[in-house]
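Q: What follows is coords_23.cif; its format and atoms are mmCIF, C-alpha atoms.
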data_data
loop_
_atom_site.label_atom_id
_atom_site.label_comp_id
_atom_site.auth_asym_id
_atom_site.auth_seq_id
_atom_site.Cartn_x
_atom_site.Cartn_y
_atom_site.Cartn_z
CA MET A 167 0.00 0.00 0.00
CA ARG A 168 1.27 3.47 -0.90
CA GLU A 169 2.36 5.37 2.25
CA ASN A 170 1.84 8.82 0.77
CA PRO A 171 -1.17 9.97 -1.28
CA ASP A 172 -0.88 10.35 -5.05
CA TYR A 173 -2.44 13.68 -6.02
CA ASN A 174 -2.37 14.08 -9.78
CA ASP A 175 -4.15 16.22 -12.36
CA LEU A 176 -6.96 13.68 -12.74
CA TYR A 177 -7.55 13.69 -8.98
CA TYR A 178 -7.84 17.47 -8.92
CA GLU A 179 -9.99 17.53 -12.04
CA ASN A 180 -12.49 15.31 -10.24
CA THR A 181 -12.41 17.15 -6.92
CA THR A 182 -12.16 20.83 -7.82
CA ALA A 183 -14.74 21.31 -10.57
CA HIS A 184 -16.87 23.31 -8.13
CA SER A 185 -14.04 25.57 -6.91
CA GLN A 186 -15.02 29.16 -6.13
CA ILE A 187 -13.75 32.27 -4.39
CA ILE A 188 -16.45 33.96 -2.33
CA ASP A 189 -16.52 37.56 -1.11
CA ILE A 190 -17.76 37.27 2.48
CA VAL A 191 -19.58 40.63 2.39
CA THR A 192 -21.16 40.73 -1.06
CA GLU A 193 -21.52 36.92 -1.21
CA CYS A 194 -20.35 37.14 -4.81
CA ALA A 195 -18.97 33.74 -5.86
CA VAL A 196 -16.57 33.55 -8.80
CA PRO A 197 -15.29 30.27 -10.28
CA LEU A 198 -11.67 29.77 -9.31
CA GLY A 199 -10.71 29.14 -12.91
CA GLU A 200 -11.49 32.77 -13.78
CA PHE A 201 -8.61 34.06 -11.68
CA SER A 202 -5.10 34.61 -12.93
CA VAL A 203 -2.36 32.14 -12.03
CA PRO A 204 -0.85 33.06 -9.67
CA ILE A 205 -3.23 35.52 -8.06
CA ASP A 206 -2.00 39.09 -7.65
CA TRP A 207 -2.98 39.78 -4.03
CA GLU A 208 -2.74 43.55 -4.36
CA ALA A 209 -5.17 43.55 -7.28
CA PHE A 210 -7.31 40.89 -5.61
CA PHE A 211 -7.84 42.75 -2.33
CA GLY A 212 -7.26 46.27 -3.63
CA ASN A 213 -4.41 46.89 -1.18
CA SER A 214 -0.91 45.74 -0.32
CA ARG A 215 -1.62 44.50 3.20
CA PRO A 216 -0.20 41.18 4.42
CA VAL A 217 -2.11 38.02 3.52
CA GLU A 218 -2.80 35.15 5.92
CA ILE A 219 -4.46 31.84 5.04
CA GLU A 220 -6.39 29.45 7.24
CA ILE A 221 -6.36 25.94 5.79
CA GLY A 222 -9.50 24.07 6.78
CA SER A 223 -11.48 27.05 8.09
CA GLY A 224 -14.40 24.85 9.16
CA LYS A 225 -17.35 26.80 10.54
CA GLY A 226 -15.42 30.06 10.37
CA ARG A 227 -15.11 31.02 14.03
CA PHE A 228 -11.37 31.71 13.96
CA LEU A 229 -11.67 33.46 10.60
CA LEU A 230 -14.36 35.83 11.84
CA GLU A 231 -12.71 36.69 15.14
CA THR A 232 -9.19 37.18 13.81
CA SER A 233 -10.30 39.23 10.78
CA LYS A 234 -12.33 41.43 13.11
CA ARG A 235 -9.34 41.86 15.43
CA HIS A 236 -6.89 42.61 12.59
CA PRO A 237 -8.70 44.68 9.93
CA THR A 238 -5.39 45.64 8.29
CA VAL A 239 -4.60 42.01 7.46
CA ASN A 240 -6.16 40.18 4.51
CA TYR A 241 -7.53 36.73 5.29
CA ILE A 242 -8.37 33.73 3.13
CA GLY A 243 -10.21 30.73 4.52
CA ILE A 244 -9.81 27.57 2.45
CA GLU A 245 -12.39 24.86 2.96
CA ARG A 246 -13.15 21.79 0.89
CA ALA A 247 -16.55 20.91 2.42
CA GLN A 248 -19.42 22.91 0.95
CA LYS A 249 -21.47 22.59 4.15
CA TYR A 250 -18.75 24.41 6.12
CA ILE A 251 -18.51 27.13 3.49
CA ALA A 252 -22.26 27.68 3.95
CA LEU A 253 -21.94 27.67 7.75
CA THR A 254 -19.11 30.21 7.61
CA GLN A 255 -21.14 32.51 5.39
CA GLU A 256 -24.06 32.16 7.79
CA ARG A 257 -21.82 32.97 10.78
CA PHE A 258 -20.59 36.21 9.21
CA GLU A 259 -24.09 37.16 8.05
CA LYS A 260 -25.55 36.61 11.52
CA TYR A 261 -22.76 38.64 13.13
CA MET A 262 -23.25 41.57 10.76
CA ARG A 263 -27.01 41.49 11.20
CA HIS A 264 -26.88 41.15 15.00
CA PHE A 265 -24.40 44.00 15.46
CA GLY A 266 -25.81 46.18 12.70
CA VAL A 267 -22.64 46.08 10.61
CA ASP A 268 -23.21 47.99 7.40
CA SER A 269 -21.74 46.23 4.38
CA ALA A 270 -20.65 49.65 3.11
CA SER A 271 -18.53 50.22 6.22
CA GLY A 272 -15.67 48.13 4.91
CA ALA A 273 -15.95 45.60 7.73
CA PHE A 274 -14.84 42.13 6.63
CA SER A 275 -13.80 43.41 3.23
CA ASN A 276 -10.48 41.76 4.17
CA VAL A 277 -11.99 38.25 4.06
CA ARG A 278 -12.45 35.77 1.21
CA LEU A 279 -13.52 32.14 1.27
CA VAL A 280 -12.02 29.65 -1.14
CA TRP A 281 -14.11 26.53 -1.72
CA THR A 282 -11.59 24.03 -3.05
CA ASP A 283 -8.82 21.60 -2.16
CA ALA A 284 -6.10 23.41 -0.21
CA ASN A 285 -3.15 21.81 -1.96
CA TYR A 286 -4.69 22.56 -5.35
CA PHE A 287 -5.09 26.23 -4.45
CA LEU A 288 -1.63 26.63 -2.94
CA THR A 289 0.27 24.92 -5.73
CA ARG A 290 -1.49 26.77 -8.54
CA TYR A 291 -2.71 30.14 -7.28
CA VAL A 292 -0.51 31.39 -4.43
CA PRO A 293 2.59 33.40 -5.44
CA ASN A 294 5.96 32.49 -3.94
CA GLY A 295 6.84 34.31 -0.73
CA SER A 296 3.47 36.09 -0.58
CA ILE A 297 1.89 34.68 2.60
CA GLN A 298 2.67 36.18 5.98
CA ALA A 299 1.10 33.32 7.93
CA TYR A 300 -0.63 29.98 7.53
CA HIS A 301 -3.04 28.73 10.18
CA ILE A 302 -3.69 24.98 10.27
CA TYR A 303 -5.84 24.09 13.26
CA PHE A 304 -7.03 20.57 14.02
CA PRO A 305 -6.34 18.98 10.63
CA ASP A 306 -8.03 15.63 10.13
CA PRO A 307 -5.73 13.07 11.86
CA TRP A 308 -7.08 10.13 9.85
CA PRO A 309 -6.45 7.91 12.90
CA LYS A 310 -6.93 4.50 11.26
CA LYS A 311 -3.70 3.05 9.91
CA ARG A 312 -5.06 2.55 6.40
CA GLN A 313 -6.19 6.20 6.31
CA ARG A 314 -3.01 7.87 7.50
CA LYS A 315 -1.68 8.35 3.98
CA ARG A 316 -4.39 11.02 3.61
CA ARG A 317 -2.88 13.24 6.28
CA ILE A 318 -2.11 16.62 4.75
CA PHE A 319 1.36 16.76 6.31
CA ARG A 320 2.29 13.56 4.44
CA ASN A 321 1.80 15.33 1.12
CA GLN A 322 5.28 16.33 -0.05
CA ASP A 323 3.89 18.74 -2.64
CA PHE A 324 1.96 20.46 0.13
CA LEU A 325 4.99 20.77 2.39
CA SER A 326 7.05 22.16 -0.48
CA VAL A 327 4.52 24.78 -1.52
CA LEU A 328 3.77 25.70 2.09
CA THR A 329 7.36 26.76 2.69
CA ARG A 330 7.84 28.22 -0.79
CA THR A 331 4.84 30.54 -0.50
CA LEU A 332 5.62 31.80 3.02
CA ASN A 333 7.12 35.26 3.22
CA PRO A 334 10.89 34.89 3.74
CA ASN A 335 10.66 37.84 6.13
CA GLU A 336 9.38 35.95 9.20
CA GLY A 337 6.47 34.20 7.49
CA ARG A 338 4.95 31.82 10.03
CA LEU A 339 3.06 28.54 10.20
CA TYR A 340 0.71 28.09 13.16
CA ILE A 341 -0.43 24.56 14.05
CA ALA A 342 -2.77 23.11 16.67
CA THR A 343 -4.12 19.60 17.17
CA ASP A 344 -5.58 17.44 19.91
CA TYR A 345 -4.01 14.28 18.49
CA ALA A 346 -0.64 13.61 20.15
CA GLU A 347 0.58 10.99 17.69
CA TYR A 348 -0.18 13.19 14.71
CA PHE A 349 1.45 16.18 16.40
CA GLN A 350 4.66 14.17 16.78
CA GLU A 351 4.53 13.16 13.12
CA ILE A 352 3.98 16.76 12.02
CA GLN A 353 7.03 17.88 14.00
CA GLU A 354 9.14 15.09 12.52
CA ARG A 355 8.15 15.92 8.96
CA LEU A 356 8.69 19.64 9.40
CA ALA A 357 12.08 18.98 10.97
CA ASP A 358 13.19 17.62 7.59
CA LEU A 359 12.56 21.01 5.95
CA SER A 360 15.59 23.29 6.01
CA THR A 361 13.39 26.26 5.15
CA LEU A 362 11.46 26.13 8.44
CA HIS A 363 12.55 26.36 12.05
CA PRO A 364 10.42 26.14 15.21
CA VAL A 365 9.65 29.28 17.20
CA LYS A 366 9.41 28.56 20.90
CA THR A 367 8.78 31.96 22.44
CA ASP A 368 5.52 33.02 20.77
CA LEU A 369 2.92 30.34 20.23
CA SER A 370 0.36 32.65 18.64
CA PRO A 371 -0.83 36.23 19.03
CA ASP A 372 -4.40 34.93 18.65
CA GLN A 373 -4.17 31.77 20.71
CA ASP A 374 -7.19 32.91 22.72
CA ILE A 375 -9.40 32.60 19.63
CA ALA A 376 -10.61 29.02 19.75
CA THR A 377 -11.99 27.16 16.75
CA ASN A 378 -15.20 25.16 17.12
CA PHE A 379 -13.13 21.97 17.28
CA GLU A 380 -10.93 23.38 20.03
CA MET A 381 -13.91 24.45 22.12
CA LYS A 382 -15.36 20.95 21.80
CA TYR A 383 -12.11 19.19 22.65
CA VAL A 384 -11.34 21.39 25.66
CA LEU A 385 -14.78 20.61 27.08
CA GLU A 386 -13.97 16.92 26.61
CA GLY A 387 -10.78 17.40 28.62
CA ARG A 388 -8.37 16.72 25.76
CA ASP A 389 -4.89 18.22 25.66
CA ILE A 390 -4.18 20.73 22.90
CA TYR A 391 -0.77 20.64 21.20
CA ARG A 392 0.56 23.75 19.47
CA ALA A 393 3.59 24.68 17.44
CA VAL A 394 4.81 27.65 15.43
CA TYR A 395 7.34 27.52 12.61
CA GLU A 396 9.03 30.40 10.86
CA ARG A 397 10.50 30.46 7.38
CA SER A 398 14.24 30.98 7.43
CA LYS A 399 15.48 34.04 5.60
CA ASP A 400 17.17 33.25 2.30
CA GLU A 401 20.49 34.64 3.52
CA ASP A 402 20.34 32.40 6.60
CA ARG A 403 20.14 29.30 4.41
CA THR A 404 23.07 30.33 2.21
CA ALA A 405 25.39 31.51 4.98
#
Take the structure in the file and write it out as structure tokens.

A:
Amino acid sequence: MRENPDYNDLYYENTTAHSQIIDIVTECAVPLGEFSVPIDWEAFFGNSRPVEIEIGSGKGRFLLETSKRHPTVNYIGIERAQKYIALTQERFEKYMRHFGVDSASGAFSNVRLVWTDANYFLTRYVPNGSIQAYHIYFPDPWPKKRQRKRRIFRNQDFLSVLTRTLNPNEGRLYIATDYAEYFQEIQERLADLSTLHPVKTDLSPDQDIATNFEMKYVLEGRDIYRAVYERSKDEDRTA
């Protein structure tokens, strides 16, 4: 049995036909194929602010809270499951309605949802060195032995593009999981990448913003494991 998944063009053709980018405020959904490759973030957002991506944004709790806290940062939430895209849109809509947020105010204009496979989007649409931070919280651990090949951190293409697209000026990768065995594997696989090094002094400026999964797991009494990695500067790797 193959240890690592085989993601080829046929696989993506069958799994990304629906792919869209959705403006969280206007709810305008545009097929992903209509965007340039790679995407020009400045033209895309209309500004040159830093871009952060949450991979597997789920029901959108972290995305809403962090984008509200940091309005001068552009956020993209990538989610493969259509039901979670719908729940995220509903969460933002309810928040804006409850607090009387006018869509013309500019609130949440820094947020886009991408309904597609994360690896597909990163490898094809994200420019090199353009992402200030990736947030990967509670990725599916695929706990059964026969399923473990599906773990996203076993995808070598994903690991390569993750580091390649991080900003070489302190671009960071934030990780959290409740699954100890998977956390150890993630650390081992990232240790093989010369472009990343662990940061031990600052786990996350937004660690207090819990995802829906984290809230559930904390109530169940599970331990939460966190790590932060930073992309090494190009000169550090050539010294």

Q: Taking the file as shown, find all residues satisfying the PyMOL selection byres ((chain A and resi 226-236) around 8) and write them as a list in words.

A: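 Selected by the PyMOL selection byres ((chain A and resi 226-236) around 8) in this file: Glu220, Ser223, Gly224, Lys225, Pro237, Thr238, Val239, Asn240, Tyr241, Gly243, Tyr250, Leu253, Thr254, Gln255, Arg257, Phe258, Ala273, Phe274, Asn276, Val277, Asp372, Ile375, Ala376, Thr377 and Asn378 of chain A.
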
Q: Excluding Asp206 of chain A and any residue of its chain fewer than 2 positions from it, enumerate the residues within 12 Å of it, using only C-alpha atoms, and give them as a VMD selection string.

A: chain A and resid 201 to 204 208 to 214 217 291 to 294 296 to 297

Q: Determine the nearest neighbour of Arg392 of chain A from the options A:Ala284, A:Leu328, A:Ile352, A:Ala357, counting only C-alpha atoms.

A: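 Ranked by minimum distance to Arg392 of chain A, first place goes to A:Ile352.
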
Q: Select, from A:Arg338, A:Leu288, A:Arg330, A:Glu347, the residue with the minimum atom-to-atom distance to Trp308 of chain A, counting only C-alpha atoms.

A: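 That would be A:Glu347, the residue with the smallest distance to Trp308 of chain A.
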
Q: Around (5.0, 21.5, 13.5), as given in the file, which residues come within 9 Å? Count all atoms listed in the file and list them as a list in words.

A: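 Checked against the point, the hits come out as Leu339, Tyr340, Ile341, Ala342, Phe349, Gln350, Glu351, Ile352, Gln353, Glu354, Arg355, Leu356, Ala357, Pro364, Arg392, Ala393, Val394 and Tyr395 of chain A.
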
Q: Looking at all atoms listed in the file, which of A:Pro371, A:Lys260, A:Asp283, A:Glu380 is the one that sits closest to Ala183 of chain A?

A: A:Asp283

Q: When you draw a straight line from atom CA of Ala346 of chain A to atom CA of Tyr391 of chain A, how long is it in Å?

A: 7.1 Å

Q: Write out as a PDB file with C-alpha atoms, keeping the file's coordinate frame each polymer residue whose atoms come within 9 Å of Asp323 of chain A, counting all atoms listed in the file; drop sequence neighbours fewer than 2 positions from it.

A:
ATOM      1  CA  TYR A 173      -2.440  13.680  -6.020  1.00  0.00           C
ATOM      2  CA  ASN A 285      -3.150  21.810  -1.960  1.00  0.00           C
ATOM      3  CA  THR A 289       0.270  24.920  -5.730  1.00  0.00           C
ATOM      4  CA  ARG A 320       2.290  13.560   4.440  1.00  0.00           C
ATOM      5  CA  ASN A 321       1.800  15.330   1.120  1.00  0.00           C
ATOM      6  CA  LEU A 325       4.990  20.770   2.390  1.00  0.00           C
ATOM      7  CA  SER A 326       7.050  22.160  -0.480  1.00  0.00           C
ATOM      8  CA  VAL A 327       4.520  24.780  -1.520  1.00  0.00           C
ATOM      9  CA  LEU A 328       3.770  25.700   2.090  1.00  0.00           C
TER      10      LEU A 328
END

Q: Can you translate the PyMOL selection byres ((chain A and resi 397) around 7) into the concrete residues it hits in this file, as a PyMOL selection string?

A: chain A and resi 329+332+334+336-338+361-363+395-396+398-399

Q: Calculate how many Å separate atom CA of Thr282 of chain A from atom CA of Tyr345 of chain A, rounding to one decimal.

A: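 Computing it gives 24.8 Å between the two atoms.
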
Q: Ser269 of chain A: which residues within 12 Å, counting all atoms listed in the file, same-chain residues fewer than 3 positions away excluded, as a PyMOL selection string?

A: chain A and resi 189-193+258-259+261-263+265-266+272-275

Q: Could you tell me how far atom CA of Ile188 of chain A lies from atom CA of Tyr286 of chain A, in Å and to one decimal?

A: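 Straight-line distance from atom CA of Ile188 of chain A to atom CA of Tyr286 of chain A works out to 16.7 Å.
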